[in-house]
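Structure data follow from model.txt (compact mmCIF, C-alpha atoms):
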```
# COMPACT_ATOMS: atom_id res chain seq x y z
CA MET A 317 4.32 51.24 34.69
CA ARG A 318 6.12 50.27 31.52
CA ASN A 319 5.24 46.62 32.10
CA TYR A 320 1.58 47.25 32.83
CA LYS A 321 0.59 45.51 29.57
CA LEU A 322 2.15 42.18 30.64
CA PHE A 323 0.76 42.53 34.18
CA ILE A 324 -2.78 43.18 32.94
CA ALA A 325 -2.55 40.42 30.32
CA LEU A 326 -1.61 37.91 33.03
CA ARG A 327 -4.44 39.21 35.22
CA TYR A 328 -6.98 38.72 32.40
CA LEU A 329 -6.00 35.06 32.09
CA ARG A 330 -7.38 34.39 35.54
CA SER A 331 -10.96 33.77 36.56
CA LYS A 332 -13.08 36.87 37.17
CA LYS A 333 -14.12 35.41 40.50
CA LYS A 334 -12.21 36.06 43.72
CA HIS A 335 -10.16 32.86 43.66
CA LYS A 336 -6.83 33.13 41.85
CA GLY A 337 -7.18 30.13 39.55
CA ILE A 338 -6.92 30.29 35.77
CA SER A 339 -10.24 30.73 33.99
CA PHE A 340 -11.89 27.66 32.48
CA ASN A 341 -11.90 29.21 28.98
CA THR A 342 -8.14 29.79 29.23
CA ILE A 343 -7.56 26.16 30.24
CA ILE A 344 -9.66 24.94 27.31
CA SER A 345 -7.72 27.17 24.88
CA ILE A 346 -4.34 26.01 26.21
CA GLY A 347 -5.48 22.37 26.12
CA GLY A 348 -6.66 22.70 22.51
CA VAL A 349 -3.31 24.05 21.35
CA ALA A 350 -1.38 21.45 23.38
CA LEU A 351 -3.44 18.56 21.97
CA GLY A 352 -3.02 19.77 18.41
CA VAL A 353 0.74 20.22 18.76
CA MET A 354 1.17 16.83 20.46
CA ALA A 355 -0.85 14.97 17.80
CA LEU A 356 1.03 16.70 15.01
CA LEU A 357 4.45 15.88 16.48
CA VAL A 358 3.62 12.22 17.12
CA VAL A 359 2.29 11.67 13.59
CA LEU A 360 5.26 13.44 11.96
CA SER A 361 7.66 11.42 14.12
CA VAL A 362 5.98 8.17 13.07
CA MET A 363 6.18 9.21 9.41
CA SER A 364 9.88 10.02 9.87
CA GLY A 365 10.32 6.64 11.56
CA PHE A 366 8.82 4.79 8.59
CA HIS A 367 10.98 6.86 6.21
CA GLU A 368 14.14 6.03 8.18
CA ASP A 369 13.29 2.34 8.43
CA LEU A 370 12.56 2.13 4.72
CA ARG A 371 15.83 3.88 3.87
CA GLN A 372 17.80 1.47 6.05
CA LYS A 373 16.19 -1.54 4.38
CA ILE A 374 16.86 -0.23 0.88
CA LEU A 375 20.50 0.51 1.70
CA GLY A 376 20.71 -2.87 3.39
CA VAL A 377 20.49 -4.47 -0.05
CA ASN A 378 21.63 -1.79 -2.49
CA ALA A 379 24.78 0.29 -2.61
CA HIS A 380 24.67 4.08 -2.30
CA LEU A 381 25.57 4.45 -5.98
CA ILE A 382 26.04 2.21 -9.00
CA VAL A 383 28.27 2.99 -12.00
CA MET A 384 27.39 1.52 -15.40
CA ASN A 385 28.21 1.97 -19.07
CA TYR A 386 25.74 2.84 -21.81
CA ARG A 387 27.48 0.34 -24.13
CA GLY A 388 26.73 -2.62 -21.83
CA PRO A 389 28.96 -4.78 -19.60
CA ILE A 390 32.23 -3.23 -18.39
CA SER A 391 35.39 -5.12 -19.35
CA ASP A 392 38.08 -2.99 -17.66
CA TYR A 393 36.27 -2.79 -14.34
CA GLN A 394 39.47 -2.96 -12.28
CA ASP A 395 40.54 0.34 -13.84
CA VAL A 396 37.05 1.74 -13.20
CA ILE A 397 37.26 0.73 -9.53
CA LYS A 398 40.65 2.44 -9.20
CA LYS A 399 39.46 5.72 -10.74
CA VAL A 400 36.17 5.85 -8.81
CA SER A 401 38.01 5.10 -5.55
CA SER A 402 40.07 8.26 -6.06
CA HIS A 403 37.06 10.45 -5.25
CA GLU A 404 37.28 11.90 -1.72
CA LEU A 405 33.72 10.84 -0.79
CA VAL A 406 34.07 7.22 -1.97
CA ARG A 407 34.63 4.67 0.80
CA ASN A 408 34.48 1.39 -1.11
CA VAL A 409 33.84 0.04 -4.61
CA SER A 410 32.75 -3.48 -5.65
CA PRO A 411 31.91 -5.11 -9.02
CA PHE A 412 28.57 -6.82 -9.62
CA VAL A 413 26.67 -8.71 -12.29
CA LEU A 414 22.89 -8.38 -12.57
CA GLY A 415 20.38 -10.13 -14.81
CA GLN A 416 16.80 -11.39 -14.92
CA VAL A 417 16.24 -15.12 -14.64
CA MET A 418 13.61 -17.61 -13.59
CA ILE A 419 14.13 -19.83 -10.56
CA SER A 420 12.21 -23.09 -10.22
CA ARG A 421 11.79 -26.03 -7.88
CA GLY A 422 9.59 -28.86 -9.07
CA GLU A 423 6.43 -27.32 -10.51
CA ARG A 424 6.95 -23.99 -8.79
CA ALA A 425 8.71 -21.13 -10.57
CA HIS A 426 9.25 -17.41 -10.03
CA GLY A 427 10.92 -14.60 -12.01
CA VAL A 428 13.79 -12.94 -10.11
CA PHE A 429 16.92 -10.82 -10.46
CA MET A 430 20.15 -12.74 -9.99
CA ARG A 431 23.00 -10.62 -8.65
CA GLY A 432 26.58 -11.81 -8.74
CA ILE A 433 28.70 -10.31 -5.97
CA ASP A 434 32.16 -10.58 -4.48
CA PRO A 435 31.57 -11.54 -0.81
CA SER A 436 34.90 -10.04 0.23
CA TYR A 437 33.63 -6.57 -0.78
CA GLU A 438 30.02 -7.02 0.27
CA GLU A 439 30.71 -6.48 3.96
CA GLU A 440 31.57 -2.86 3.20
CA THR A 441 29.38 -2.03 0.25
CA THR A 442 26.04 -3.03 1.83
CA THR A 443 24.68 -4.38 5.09
CA ILE A 444 23.17 -7.50 3.51
CA ARG A 445 25.19 -9.65 5.92
CA LYS A 446 23.07 -8.70 8.91
CA HIS A 447 19.88 -9.73 7.05
CA ILE A 448 20.99 -13.32 6.45
CA LYS A 449 18.91 -15.64 8.65
CA SER A 450 20.43 -18.95 7.56
CA GLY A 451 23.90 -19.65 6.24
CA SER A 452 26.55 -17.02 5.52
CA LEU A 453 27.58 -14.74 2.71
CA ASP A 454 31.03 -16.34 2.89
CA ASP A 455 29.47 -19.61 1.70
CA LEU A 456 29.50 -18.09 -1.79
CA LYS A 457 33.31 -17.82 -1.80
CA GLY A 458 34.74 -20.41 -4.16
CA ASN A 459 31.26 -21.89 -4.63
CA GLU A 460 30.23 -21.58 -8.26
CA LYS A 461 26.89 -23.35 -7.69
CA GLY A 462 25.66 -21.67 -4.53
CA VAL A 463 22.85 -19.11 -4.16
CA ILE A 464 21.33 -17.15 -1.29
CA ILE A 465 17.63 -16.40 -1.68
CA GLY A 466 15.03 -14.29 0.13
CA SER A 467 12.77 -15.77 2.80
CA GLU A 468 9.58 -15.04 0.83
CA LEU A 469 11.04 -16.65 -2.29
CA ALA A 470 12.03 -19.70 -0.24
CA ALA A 471 8.43 -19.97 0.97
CA ILE A 472 7.07 -19.64 -2.58
CA LEU A 473 9.36 -22.38 -3.88
CA GLY A 474 9.14 -24.50 -0.75
CA VAL A 475 12.91 -24.84 -0.38
CA TYR A 476 15.31 -24.83 2.54
CA ARG A 477 19.04 -24.44 2.94
CA GLY A 478 20.77 -27.29 1.15
CA ASP A 479 18.04 -27.85 -1.46
CA GLU A 480 18.73 -27.59 -5.19
CA VAL A 481 16.96 -25.13 -7.49
CA ASN A 482 17.03 -24.57 -11.24
CA ILE A 483 18.06 -21.18 -12.64
CA ILE A 484 16.68 -20.59 -16.13
CA SER A 485 17.96 -17.86 -18.45
CA PRO A 486 15.54 -16.10 -20.83
CA VAL A 487 18.36 -16.15 -23.41
CA GLN A 488 18.21 -19.40 -25.33
CA GLU A 489 21.16 -21.50 -26.53
CA MET A 490 21.54 -24.01 -29.33
CA GLY A 491 20.94 -27.64 -28.37
CA PRO A 492 20.52 -30.97 -30.16
CA MET A 493 16.84 -30.23 -30.73
CA GLY A 494 17.29 -26.56 -31.64
CA MET A 495 17.09 -23.48 -29.45
CA ILE A 496 16.47 -24.31 -25.79
CA PRO A 497 16.54 -22.23 -22.58
CA ARG A 498 19.79 -22.25 -20.62
CA VAL A 499 19.28 -24.12 -17.32
CA ARG A 500 21.75 -24.57 -14.46
CA LYS A 501 21.37 -26.26 -11.09
CA PHE A 502 22.31 -24.26 -7.97
CA ARG A 503 22.25 -25.19 -4.31
CA VAL A 504 20.67 -22.90 -1.70
CA VAL A 505 23.44 -22.07 0.77
CA GLY A 506 21.60 -19.33 2.67
CA VAL A 507 18.38 -17.38 3.22
CA PHE A 508 18.10 -13.64 3.87
CA GLU A 509 15.22 -11.49 5.06
CA VAL A 510 15.41 -7.75 4.42
CA GLY A 511 11.85 -7.03 5.46
CA MET A 512 10.66 -5.69 2.08
CA TYR A 513 8.54 -8.02 0.00
CA GLU A 514 10.08 -6.79 -3.28
CA TYR A 515 13.57 -7.84 -2.22
CA ASP A 516 12.63 -10.98 -0.30
CA THR A 517 10.81 -12.41 -3.33
CA ASN A 518 12.71 -11.01 -6.31
CA LEU A 519 16.41 -11.21 -5.48
CA VAL A 520 18.89 -14.10 -5.66
CA LEU A 521 22.55 -13.69 -4.68
CA THR A 522 25.40 -15.73 -6.09
CA SER A 523 29.14 -15.35 -6.54
CA LEU A 524 30.55 -13.01 -9.16
CA GLY A 525 32.19 -15.87 -11.09
CA ALA A 526 28.99 -17.95 -11.13
CA ALA A 527 26.97 -15.03 -12.51
CA GLN A 528 29.62 -14.26 -15.16
CA GLU A 529 29.62 -17.86 -16.28
CA PHE A 530 25.83 -18.19 -16.30
CA PHE A 531 25.25 -14.98 -18.30
CA ARG A 532 28.28 -15.77 -20.49
CA ILE A 533 29.88 -12.34 -20.24
CA GLY A 534 33.41 -13.57 -19.62
CA ASP A 535 35.44 -11.40 -17.26
CA ARG A 536 33.10 -8.43 -17.67
CA VAL A 537 30.64 -7.04 -15.11
CA THR A 538 27.33 -5.19 -15.29
CA GLY A 539 28.67 -2.33 -13.18
CA VAL A 540 30.29 -1.39 -9.90
CA GLU A 541 28.66 -0.58 -6.58
CA VAL A 542 29.94 2.45 -4.67
CA THR A 543 29.70 3.24 -0.97
CA VAL A 544 30.13 6.89 0.01
CA SER A 545 30.96 8.43 3.38
CA ASP A 546 27.79 10.55 3.39
CA ILE A 547 24.70 8.97 1.83
CA TYR A 548 23.12 12.38 1.22
CA ARG A 549 26.11 13.44 -0.90
CA ALA A 550 25.90 10.46 -3.23
CA GLY A 551 24.61 12.85 -5.90
CA GLU A 552 27.96 14.66 -5.91
CA VAL A 553 29.79 11.44 -6.72
CA ARG A 554 27.20 10.58 -9.38
CA GLU A 555 27.77 13.92 -11.12
CA ALA A 556 31.55 13.38 -11.03
CA ILE A 557 31.43 9.94 -12.73
CA PRO A 558 31.62 11.14 -16.37
CA GLY A 559 34.60 13.30 -15.48
CA LEU A 560 36.39 10.46 -13.71
CA LEU A 561 35.70 7.72 -16.27
CA GLY A 562 35.02 9.52 -19.51
CA PRO A 563 32.03 9.45 -21.91
CA GLY A 564 29.73 6.45 -21.84
CA TYR A 565 29.85 5.97 -18.08
CA TYR A 566 27.06 7.15 -15.80
CA GLY A 567 25.99 6.78 -12.19
CA LYS A 568 22.64 6.28 -10.44
CA ASP A 569 22.40 7.00 -6.73
CA TRP A 570 19.99 5.43 -4.25
CA MET A 571 17.76 8.51 -4.15
CA GLN A 572 17.34 8.44 -7.93
CA MET A 573 16.54 4.73 -8.02
CA ASN A 574 13.86 5.12 -5.32
CA ARG A 575 12.66 8.61 -6.19
CA ASN A 576 8.99 7.71 -6.59
CA LEU A 577 8.82 5.90 -3.25
CA PHE A 578 10.52 8.62 -1.23
CA SER A 579 8.59 11.36 -3.03
CA ALA A 580 5.34 9.62 -2.08
CA LEU A 581 6.43 9.39 1.57
CA LYS A 582 7.47 13.05 1.57
CA LEU A 583 4.15 14.09 0.06
CA GLU A 584 2.25 11.96 2.58
CA LYS A 585 4.16 13.54 5.46
CA PHE A 586 3.42 17.05 4.15
CA THR A 587 -0.25 16.16 3.69
CA MET A 588 -0.47 14.87 7.27
CA PHE A 589 1.17 18.09 8.46
CA VAL A 590 -1.43 20.21 6.65
CA ILE A 591 -4.36 18.09 7.85
CA LEU A 592 -3.26 17.96 11.49
CA THR A 593 -2.47 21.68 11.49
CA LEU A 594 -6.25 22.08 11.25
CA ILE A 595 -6.39 20.85 14.86
CA VAL A 596 -4.27 23.82 15.89
CA LEU A 597 -6.46 26.08 13.76
CA VAL A 598 -9.54 24.82 15.57
CA ALA A 599 -7.79 25.48 18.86
CA SER A 600 -7.06 29.03 17.66
CA PHE A 601 -10.82 29.66 17.48
CA ASN A 602 -10.91 28.96 21.21
CA ILE A 603 -8.32 31.69 21.64
CA VAL A 604 -10.42 34.09 19.54
CA SER A 605 -13.59 33.36 21.51
CA THR A 606 -11.75 33.64 24.86
CA LEU A 607 -10.30 37.03 23.94
CA ILE A 608 -13.60 38.35 22.56
CA MET A 609 -15.36 37.33 25.79
CA ASN A 610 -12.61 39.08 27.74
CA VAL A 611 -13.07 42.24 25.69
CA ILE A 612 -16.81 42.21 26.40
CA GLU A 613 -16.32 41.49 30.12
CA LYS A 614 -13.53 44.04 30.55
CA GLU A 615 -15.11 46.98 28.73
CA ARG A 616 -15.20 49.04 31.92
CA GLU A 617 -11.56 48.23 32.80
CA ILE A 618 -10.47 49.05 29.24
CA ALA A 619 -12.29 52.39 29.41
CA ILE A 620 -10.60 53.21 32.74
CA LEU A 621 -7.19 52.35 31.29
CA MET A 622 -7.84 54.67 28.34
CA ALA A 623 -9.00 57.42 30.71
CA MET A 624 -5.73 56.98 32.64
CA GLY A 625 -3.70 57.51 29.45
CA ALA A 626 -3.33 54.06 27.89
CA THR A 627 -3.06 54.24 24.11
CA ARG A 628 -5.06 52.14 21.68
CA GLY A 629 -1.77 50.42 20.70
CA GLY A 630 -1.19 49.57 24.35
CA ILE A 631 -4.67 48.06 24.65
CA MET A 632 -4.01 45.96 21.54
CA ARG A 633 -0.75 44.69 22.96
CA ILE A 634 -2.48 43.62 26.19
CA PHE A 635 -4.78 41.22 24.34
CA ILE A 636 -2.09 40.14 21.88
CA LEU A 637 0.12 39.21 24.83
CA GLN A 638 -2.77 37.38 26.45
CA GLY A 639 -3.37 35.26 23.32
CA LEU A 640 0.34 34.68 22.77
CA MET A 641 0.75 33.39 26.32
CA ILE A 642 -2.05 30.91 25.71
CA GLY A 643 -0.38 29.80 22.47
CA VAL A 644 3.14 29.57 23.92
CA VAL A 645 2.07 27.66 27.05
CA GLY A 646 -0.08 25.29 24.97
CA THR A 647 2.79 24.77 22.52
CA LEU A 648 5.28 24.00 25.31
CA ILE A 649 2.90 21.50 26.89
CA GLY A 650 2.27 19.92 23.48
CA VAL A 651 6.01 19.66 22.69
CA VAL A 652 6.76 18.00 26.03
CA GLY A 653 3.75 15.69 25.69
CA GLY A 654 4.62 14.81 22.08
CA TYR A 655 8.22 13.99 22.99
CA LEU A 656 7.22 11.83 25.95
CA LEU A 657 4.54 9.99 23.97
CA GLY A 658 6.93 9.40 21.07
CA TYR A 659 9.61 8.15 23.47
CA LEU A 660 7.17 5.74 25.13
CA ILE A 661 5.87 4.41 21.78
CA ASN A 662 9.37 3.85 20.42
CA ASN A 663 11.15 2.45 23.48
CA TYR A 664 8.39 0.47 25.17
CA GLU A 665 6.73 -0.74 21.94
CA ILE A 666 3.27 0.28 23.12
CA ILE A 667 1.73 -0.07 19.64
CA LYS A 668 2.37 -3.55 18.27
CA LEU A 669 2.29 -4.39 14.56
CA PRO A 670 1.89 -7.82 12.91
CA ALA A 671 5.44 -8.60 11.81
CA ASP A 672 4.29 -10.90 9.00
CA VAL A 673 2.46 -7.98 7.37
CA TYR A 674 4.61 -4.91 8.11
CA TYR A 675 7.95 -6.61 8.89
CA LEU A 676 8.02 -4.38 11.97
CA SER A 677 7.24 -5.53 15.48
CA HIS A 678 6.24 -2.05 16.65
CA LEU A 679 5.48 1.42 15.35
CA PRO A 680 8.77 3.17 14.44
CA VAL A 681 9.29 6.70 15.77
CA LYS A 682 12.02 9.10 14.66
CA MET A 683 11.88 12.44 16.50
CA LYS A 684 13.61 15.17 14.49
CA LEU A 685 14.52 18.60 15.82
CA SER A 686 13.39 20.22 12.57
CA ASP A 687 9.86 18.79 12.97
CA PHE A 688 9.64 20.11 16.53
CA LEU A 689 10.84 23.57 15.51
CA ILE A 690 8.48 23.84 12.51
CA VAL A 691 5.45 22.65 14.50
CA SER A 692 6.23 24.96 17.44
CA LEU A 693 6.73 27.98 15.19
CA SER A 694 3.52 27.20 13.26
CA ALA A 695 1.47 26.86 16.46
CA VAL A 696 2.77 30.13 17.94
CA THR A 697 2.20 31.94 14.62
CA ILE A 698 -1.39 30.68 14.38
CA SER A 699 -1.97 31.74 18.00
CA PHE A 700 -0.61 35.20 17.24
CA LEU A 701 -2.84 35.61 14.18
CA ALA A 702 -5.83 34.57 16.29
CA THR A 703 -5.24 37.52 18.64
CA ILE A 704 -5.32 40.27 16.03
CA TYR A 705 -9.08 40.65 15.57
CA PRO A 706 -10.06 40.61 19.29
CA ALA A 707 -7.17 42.98 20.10
CA TYR A 708 -8.27 45.34 17.34
CA GLN A 709 -11.84 45.29 18.66
CA ALA A 710 -10.58 46.13 22.15
CA ALA A 711 -8.52 49.06 20.81
CA ARG A 712 -11.57 50.45 18.94
CA LEU A 713 -13.66 50.57 22.11
CA ASP A 714 -15.08 54.02 22.88
CA PRO A 715 -14.19 54.76 26.56
CA VAL A 716 -17.15 57.14 26.97
CA GLU A 717 -19.91 54.55 26.64
CA PRO A 718 -18.83 52.13 29.46
CA LEU A 719 -18.19 55.06 31.86
CA ARG A 720 -21.25 57.16 31.02
CA TYR A 721 -23.44 55.79 33.82
CA GLU A 722 -20.69 55.22 36.37
```
How does this structure look as structure tokens?
Amino acid sequence: MRNYKLFIALRYLRSKKKHKGISFNTIISIGGVALGVMALLVVLSVMSGFHEDLRQKILGVNAHLIVMNYRGPISDYQDVIKKVSSHELVRNVSPFVLGQVMISRGERAHGVFMRGIDPSYEEETTTIRKHIKSGSLDDLKGNEKGVIIGSELAAILGVYRGDEVNIISPVQEMGPMGMIPRVRKFRVVGVFEVGMYEYDTNLVLTSLGAAQEFFRIGDRVTGVEVTVSDIYRAGEVREAIPGLLGPGYYGKDWMQMNRNLFSALKLEKFTMFVILTLIVLVASFNIVSTLIMNVIEKEREIAILMAMGATRGGIMRIFILQGLMIGVVGTLIGVVGGYLLGYLINNYEIIKLPADVYYLSHLPVKMKLSDFLIVSLSAVTISFLATIYPAYQAARLDPVEPLRYE
């Protein structure tokens, strides 16, 4: 009878009546654990989905890493590109020019960043091409007066493709009447929509030559954009920049530039995990109450087992096994339910979102194996801890009292 503990634990899960069904208290306990696990997995998957979508949008506009010089614009950027490209993780390198300007149309004006790019490199360095709704990135090639603006900025200015806009530099130049702002006319050759308000309102793209001429930096560039083979190893390339290029040069990777945003999302995900774990904790109280009721109901059976030679450790293991089975079954049901619900939400777009507010047509879901493992382990651990007190009470039972009047 080495396996008598498992046999008795399974028997105690059933109803005390003659039919062989599972007791109502056991079903409630399993359901509580399953509901808690399912809710926790769905929420964590949605948080991961938002994190993934946000990362894709950021990298859809920005490179994985930018290299700049503390002294200002880089003059020998072709040599810089060659040296950075020698790193084993670097996939592509492209020069860029970046500066703050004001863009206006009629009486409407808005402060933006103007980025000068080389369209021939841009296909590899970022995925901005797929976000262009009107026109093409290639329209900037050989066009020193063309710009591509964000959809929100186009709405603010009231412009369409083909319209002219004024780009105004905050740096003044000498004119006949003294110092005046530098103003140039550009034609809108395209409109992009990334899906993030900050980019769609505050970014203007133009050719590298047009930006160099407008900011009057000659053949120099602000820095170079770097694409790496593994986005999560961009930090390794960043740390290698001073060694590759010498003093004065430094790198900033995409995680550094968006640290506050991703830290907030990570903290929010952890907070949701802690809060929703309380659901599993509440379910664990059902396990405690079920086991305590079993101990009270089975006092006579426990006394008989002790009289037949069962040890107090064996009695404890019976009730620990009983609680663990409730926790494991509830966890398995919750994992399956959470996966199915997440799959349905993501693939059938059950929960719709207003695209003009969230830039998403449905709730994004990203199911990660690590989330499922952590939640499952946490639920089983909580279920195990819930069994300790009732099992200890059962082991302390004096076998004489229940059998005294038998």
Pairwise distance for CA of Val542 in chain A and CA of Arg445 in chain A, rounded to one decimal in Å: 16.8 Å
Two-atom distance - CA of Val651 in chain A, CA of Asn602 in chain A (Å):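 Atom-to-atom, CA of Val651 in chain A and CA of Asn602 in chain A are spaced 19.4 Å apart.
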Write out as a PDB file with C-alpha atoms, in the frame of the given file which residues come within 10 Å of Gly365 in chain A when counting all atoms listed in the file, dropping same-chain ones fewer than 6 positions away.
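To be explicit, this is the file written out as around-v5.pdb:
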```
ATOM      1  CA  VAL A 359       2.290  11.670  13.590  1.00  0.00           C
ATOM      2  CA  ARG A 371      15.830   3.880   3.870  1.00  0.00           C
ATOM      3  CA  ASN A 662       9.370   3.850  20.420  1.00  0.00           C
ATOM      4  CA  LEU A 679       5.480   1.420  15.350  1.00  0.00           C
ATOM      5  CA  PRO A 680       8.770   3.170  14.440  1.00  0.00           C
ATOM      6  CA  VAL A 681       9.290   6.700  15.770  1.00  0.00           C
ATOM      7  CA  LYS A 682      12.020   9.100  14.660  1.00  0.00           C
ATOM      8  CA  MET A 683      11.880  12.440  16.500  1.00  0.00           C
ATOM      9  CA  LYS A 684      13.610  15.170  14.490  1.00  0.00           C
TER      10      LYS A 684
END
```
Contact residues around Ser605 in chain A with all atoms listed in the file at 9 Å, ignoring same-chain residues under 4 positions, as a PyMOL selection string: chain A and resi 341+600-601+609-610+706
Nearby residues (all atoms listed in the file) at most 10 Å from Ser345 in chain A, same-chain spacing under 2 positions excluded, as a PyMOL selection string: chain A and resi 340-343+347-350+598-606+639+642-643+646
All residues 7 Å or closer to Val696 in chain A, only C-alpha atoms, same chain fewer than 3 positions away omitted, as a PyMOL selection string: chain A and resi 643-644+692-693+699-700
Residue selection dump (C-alpha atoms) as a short mmCIF file (atom, residue, chain, number, x, y, z; two decimals), in the frame of the given file:
```
data_model
loop_
_atom_site.label_atom_id
_atom_site.label_comp_id
_atom_site.auth_asym_id
_atom_site.auth_seq_id
_atom_site.Cartn_x
_atom_site.Cartn_y
_atom_site.Cartn_z
CA GLY A 643 -0.38 29.80 22.47
CA VAL A 644 3.14 29.57 23.92
CA SER A 692 6.23 24.96 17.44
CA LEU A 693 6.73 27.98 15.19
CA SER A 699 -1.97 31.74 18.00
CA PHE A 700 -0.61 35.20 17.24
#
```
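Shortest atom-to-atom contact with Ile419 in chain A among A:Leu583, A:Leu701, A:Val645, A:Val499: A:Val499, counting all atoms listed in the file.
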Might you pull out every residue within 10 Å of Asp535 in chain A, with all atoms listed in the file counted and same-chain residues fewer than 4 positions away left off, and present them as a compact mmCIF listing (two decimals) with C-alpha atoms, keeping the file's coordinate frame?
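Saved file part34.txt follows:
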```txt
# COMPACT_ATOMS: atom_id res chain seq x y z
CA PRO A 389 28.96 -4.78 -19.60
CA ILE A 390 32.23 -3.23 -18.39
CA SER A 391 35.39 -5.12 -19.35
CA ASP A 392 38.08 -2.99 -17.66
CA TYR A 393 36.27 -2.79 -14.34
CA LEU A 524 30.55 -13.01 -9.16
CA GLY A 525 32.19 -15.87 -11.09
CA GLN A 528 29.62 -14.26 -15.16
CA GLU A 529 29.62 -17.86 -16.28
```
Residue with smallest distance to Asn574 in chain A - pool A:Ala355, A:Thr517, A:Lys373, A:Phe323, counting all atoms listed in the file: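 Of the candidates, the smallest distance to Asn574 in chain A is held by A:Lys373.
The shortest atom-to-atom distance to Glu468 in chain A, with all atoms listed in the file taken into account, belongs to A:Gly511 out of A:Pro486, A:Gly511, A:Gly415, A:Pro670.
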Protein/DNA/RNA residues near (-16.1, 46.7, 27.0), cut 9 Å, all atoms listed in the file, as an MDAnalysis selection string: chainID A and resid 610:619 710 713:715 717:718
Residue nearest Gly551 in chain A - candidates A:Val463, A:Met571, A:Val673, A:Ile533, atoms counted: all atoms listed in the file: A:Met571
Nearby residues, (13.2, -26.0, -4.2) file frame, 12 Å, all atoms listed in the file, as an MDAnalysis selection string: chainID A and resid 419:426 463 465 469:483 501:504
Among listed residues A:Leu519, A:Leu322, A:Met641, A:Ile690, nearest Val428 in chain A (using all atoms listed in the file):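 Distance minimum relative to Val428 in chain A lands on A:Leu519.
Ranking A:Leu381, A:Gly534, A:Ile620, A:Met418 by their shortest atom-to-atom distance to Gly567 in chain A, with all atoms listed in the file included, puts A:Leu381 first.
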Atom pair CA of Asp687 in chain A / CA of Leu640 in chain A: separation (Å):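 Between these atoms lies a distance of 21.0 Å.
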